[in-house]
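A short write-up of the structure that comes next.
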Amino acid sequence: MKYALVTGATSGIGIAISRVLARKGYGIVMVSSSLKHLEEAKKSMDKRFPKVKVYIIEEDLGIKDSALRLYNKIKKLGITVDILVNNAGFGLAGPSEKIDVKNDEKLLYLNMTAPTILCKLFLRDMYKRRKGSILNVASTAAFQPGPYNATYFASKSYIYSYSRAIRYEAKRYGVSVCTLCPGTTRTKFFVKEGIKTPMWAMPAGKVAEYAIDGLEKDKAVIIPGNMNKIFKIIPSGVKLAAVAVMKNKVLR
Ligand SMILES: NC(=O)c1ccc[n+]([C@@H]2O[C@H](COP(=O)([O-])OP(=O)(O)OC[C@H]3O[C@@H](n4cnc5c(N)ncnc54)[C@H](OP(=O)(O)O)[C@@H]3O)[C@@H](O)[C@H]2O)c1
């Protein structure tokens with residue numbers, strides 16, 4: 001059986017991607033920071049896909065050394081990861097000086113450092129096999145700065161840039177690296193930020209379909225939906241001001 005490792009697989013885009021891949025016959029290794037969430041997610045996966053092997057691994061990827069620990073746990077399981085999906089992430093909304101330093105540190109580790117280390121470790125194995133693919137989840141936030149959401153937007157610019165760079169390097173080993181840039185998606189993301197989910201949010205299942213279709217077609221950058229593609233070409237200064245007004249309004 002081929003396996004996909006999905007971080008942040010217990011809700012939103014992560015569980016939706018896990019479902020699409022399971023439907024295609026991949027065994028799934030679901031990773032999150034909560035054993036309770038993982039057990040619930042595995043139960044629902046086992047019910048939907050009784051023939052698919054599902055492993056769960058509890059790992060808080062927002063703390064130092066977690067990515068290496070996760071890699072070692074996969075080695076212990078003795079499975080080969082054919083697809084790595086770096087999806088786990090969260091945002092912090094508010095004026096930068098008011099956001100707790102510890103929370104920002106965690107965001108930066110989860111959204112940037114952990115996926116970078118996982119890419120490095122799994123790329124080495126994939127290069128040896130001359131096979132494999134990586135899907136890094138960035139965001140349309142990658143294309144502009146985001147006042148009152150500053151570290152989140154910056155972290156997505158980082159993963160977008162890093163992911164596109166390693167795609168270039170990986171090509172000659174027959175390994176594919178794709179970057180997913182969803183726009184506003186209906187998940188727990190905004191609730192966790194303390195913001196109401198915008199009405200126009202795309203269902204996570206639809207984002208996941210775009211994501212796996214793009215991965216299969218080996219697209220460098222996958223932007224789900226035409227509106228998000230149009231959004232990309234608006235000058236970043238205009239979008240920056242719009243985000244500042246929007247976030248400031250909802251946070252007040
Ligand atoms: N929603 C949007 O509008 C949107 C748009 C563009 C990009 N994205 C990106 O999509 C990705 C998934 O977000 P989502 O919208 O699906 O949000 P979500 O529903 O909140 O899902 C986040 C996932 O990440 C996991 N997670 C959170 N902290 C973790 C940690 N420290 N260690 C390991 N796993 C952790 C959560 O699991 P546990 O709580 O069980 O740990 C959960 O499975 C993120 O990278 C986000 O930036 C979202």
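Residue numbers start at 1 in each chain; chains themselves are named A, B, ... in the order of the structure tokens; ligands are numbered from 1 in the order shown.
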Let's see if you can do this: from backbone DSSP, list all helix (DSSP H, G or I) residues in stretch 125-252 of chain A, as a count of residues only. 75
Can you pull out the residues contacting A:Ser163? Cut-off 12 Å, using only C-alpha atoms, and skip same-chain residues under 3 positions away; I want them as a ChimeraX atom specification. /A:85-86,112,115-120,123,133-138,142,156-160,166-170,176-181,220-221
Can those selected residues be exported to a file as a PDB file, in the first residue's frame so that it contains C-alpha atoms?
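For reference, part_1.pdb as written:
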```
ATOM      1  CA  VAL A  85       1.372  16.854   3.073  1.00  0.00           C
ATOM      2  CA  ASN A  86       2.619  19.712   5.254  1.00  0.00           C
ATOM      3  CA  MET A 112       7.647  27.322   8.828  1.00  0.00           C
ATOM      4  CA  PRO A 115       7.471  21.768   7.430  1.00  0.00           C
ATOM      5  CA  THR A 116      10.986  22.808   6.370  1.00  0.00           C
ATOM      6  CA  ILE A 117      12.595  20.052   8.452  1.00  0.00           C
ATOM      7  CA  LEU A 118      10.033  17.464   7.309  1.00  0.00           C
ATOM      8  CA  CYS A 119      10.710  18.423   3.672  1.00  0.00           C
ATOM      9  CA  LYS A 120      14.467  18.008   4.185  1.00  0.00           C
ATOM     10  CA  LEU A 123      13.272  14.570   0.407  1.00  0.00           C
ATOM     11  CA  SER A 133       5.759  14.012  -3.813  1.00  0.00           C
ATOM     12  CA  ILE A 134       5.284  16.799  -1.325  1.00  0.00           C
ATOM     13  CA  LEU A 135       2.322  19.138  -0.971  1.00  0.00           C
ATOM     14  CA  ASN A 136       3.052  22.213   1.118  1.00  0.00           C
ATOM     15  CA  VAL A 137       0.022  24.190   2.251  1.00  0.00           C
ATOM     16  CA  ALA A 138       0.672  27.918   1.962  1.00  0.00           C
ATOM     17  CA  ALA A 142       1.543  34.293   0.778  1.00  0.00           C
ATOM     18  CA  LYS A 156       2.841  31.714   4.406  1.00  0.00           C
ATOM     19  CA  SER A 157       5.126  33.842   2.187  1.00  0.00           C
ATOM     20  CA  TYR A 158       8.055  31.879   3.603  1.00  0.00           C
ATOM     21  CA  ILE A 159       6.574  28.439   2.927  1.00  0.00           C
ATOM     22  CA  TYR A 160       5.494  29.537  -0.566  1.00  0.00           C
ATOM     23  CA  ILE A 166      12.925  23.073  -3.415  1.00  0.00           C
ATOM     24  CA  ARG A 167      10.578  22.101  -6.250  1.00  0.00           C
ATOM     25  CA  TYR A 168      13.265  23.306  -8.646  1.00  0.00           C
ATOM     26  CA  GLU A 169      15.961  21.286  -6.840  1.00  0.00           C
ATOM     27  CA  ALA A 170      13.809  18.139  -6.577  1.00  0.00           C
ATOM     28  CA  SER A 176       7.581  16.592  -7.156  1.00  0.00           C
ATOM     29  CA  VAL A 177       6.945  19.504  -4.776  1.00  0.00           C
ATOM     30  CA  CYS A 178       3.676  21.429  -5.124  1.00  0.00           C
ATOM     31  CA  THR A 179       2.452  24.453  -3.217  1.00  0.00           C
ATOM     32  CA  LEU A 180      -1.224  24.785  -2.328  1.00  0.00           C
ATOM     33  CA  CYS A 181      -2.509  28.344  -1.907  1.00  0.00           C
ATOM     34  CA  ALA A 220       3.933  24.197  -9.153  1.00  0.00           C
ATOM     35  CA  VAL A 221       1.282  26.339  -7.458  1.00  0.00           C
TER      36      VAL A 221
END
```
DSSP on the backbone, then: every residue of stretch 47-224 of chain A marked strand (DSSP E), written as a VMD selection string. chain A and resid 54 to 58 81 to 86 133 to 137 176 to 180 185 to 186 202 to 203 221 to 222
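Considering only C-alpha atoms and all ligand atoms, the residue among A:Leu61, A:Leu108, A:Met45, A:Val191 positioned nearest to ligand 1 is A:Leu61.
Proximity of A:Ala208, A:Ile28, A:Val250, A:Val52 to ligand 1, computed with only C-alpha atoms and all ligand atoms, is greatest for A:Ala208.
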Of A:Met246, A:Leu121, A:Ala22, A:Ala114, the one nearest to A:Lys75 when counting only C-alpha atoms is A:Leu121
Any idea what the distance is between atom CA of A:Ile195 and atom CA of A:Ala67? 29.2 Å
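With only C-alpha atoms and all ligand atoms as the atoms that count, the minimum distance from ligand 1 to the choices A:Asp46, A:Asp218, A:Glu105, A:Asp82 is reached by A:Glu105.
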Check the smallest atom-to-atom distance from each of A:Thr185, A:Ser139, A:Asn226, A:Asn87 to A:Gly8 using only C-alpha atoms, then report the winner. A:Asn87
Which residues of stretch 112-174 of chain A come within 10 Å of stretch 229-240 of chain A, and for each one, what is the closest pair of atoms and their distance in Å to one decimal, counting only C-alpha atoms, sorted by chain and residue number, as CSV?
```
residue,atom,partner,partner_atom,distance
A:Thr140,CA,A:Lys232,CA,7.0
A:Ala141,CA,A:Lys232,CA,9.3
A:Ala142,CA,A:Lys232,CA,9.6
A:Phe143,CA,A:Lys232,CA,6.8
A:Gln144,CA,A:Ser236,CA,5.2
A:Pro145,CA,A:Leu240,CA,5.8
A:Gly146,CA,A:Leu240,CA,5.7
A:Pro147,CA,A:Leu240,CA,6.8
```
Might you pull out every residue within 12 Å of A:Phe49, with only C-alpha atoms counted and same-chain residues fewer than 2 positions away left off, and present them as a PyMOL selection string? chain A and resi 18-28+41-47+51-54
Go ahead and save the residues from that selection, with C-alpha atoms, as a short mmCIF file (atom, residue, chain, number, x, y, z; two decimals), in the first residue's frame.
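So out.cif came out as:
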```cif
data_model
loop_
_atom_site.label_atom_id
_atom_site.label_comp_id
_atom_site.auth_asym_id
_atom_site.auth_seq_id
_atom_site.Cartn_x
_atom_site.Cartn_y
_atom_site.Cartn_z
CA SER A 18 -6.86 12.63 3.94
CA ARG A 19 -10.31 11.58 2.69
CA VAL A 20 -9.51 12.30 -0.97
CA LEU A 21 -6.26 10.32 -0.72
CA ALA A 22 -7.92 7.43 1.14
CA ARG A 23 -10.56 7.27 -1.61
CA LYS A 24 -7.68 6.85 -4.05
CA GLY A 25 -6.39 3.90 -2.00
CA TYR A 26 -3.57 5.54 -0.04
CA GLY A 27 -2.92 4.46 3.52
CA ILE A 28 -2.92 7.57 5.69
CA ALA A 41 -10.60 11.34 13.05
CA LYS A 42 -9.39 7.72 12.77
CA LYS A 43 -12.81 6.44 13.79
CA SER A 44 -14.47 8.44 11.02
CA MET A 45 -11.81 7.36 8.48
CA ASP A 46 -12.14 3.67 9.43
CA LYS A 47 -15.91 3.94 9.01
CA LYS A 51 -10.05 -1.18 3.57
CA VAL A 52 -7.60 1.68 4.07
CA LYS A 53 -4.87 1.47 6.72
CA VAL A 54 -4.91 4.54 8.98
#
```
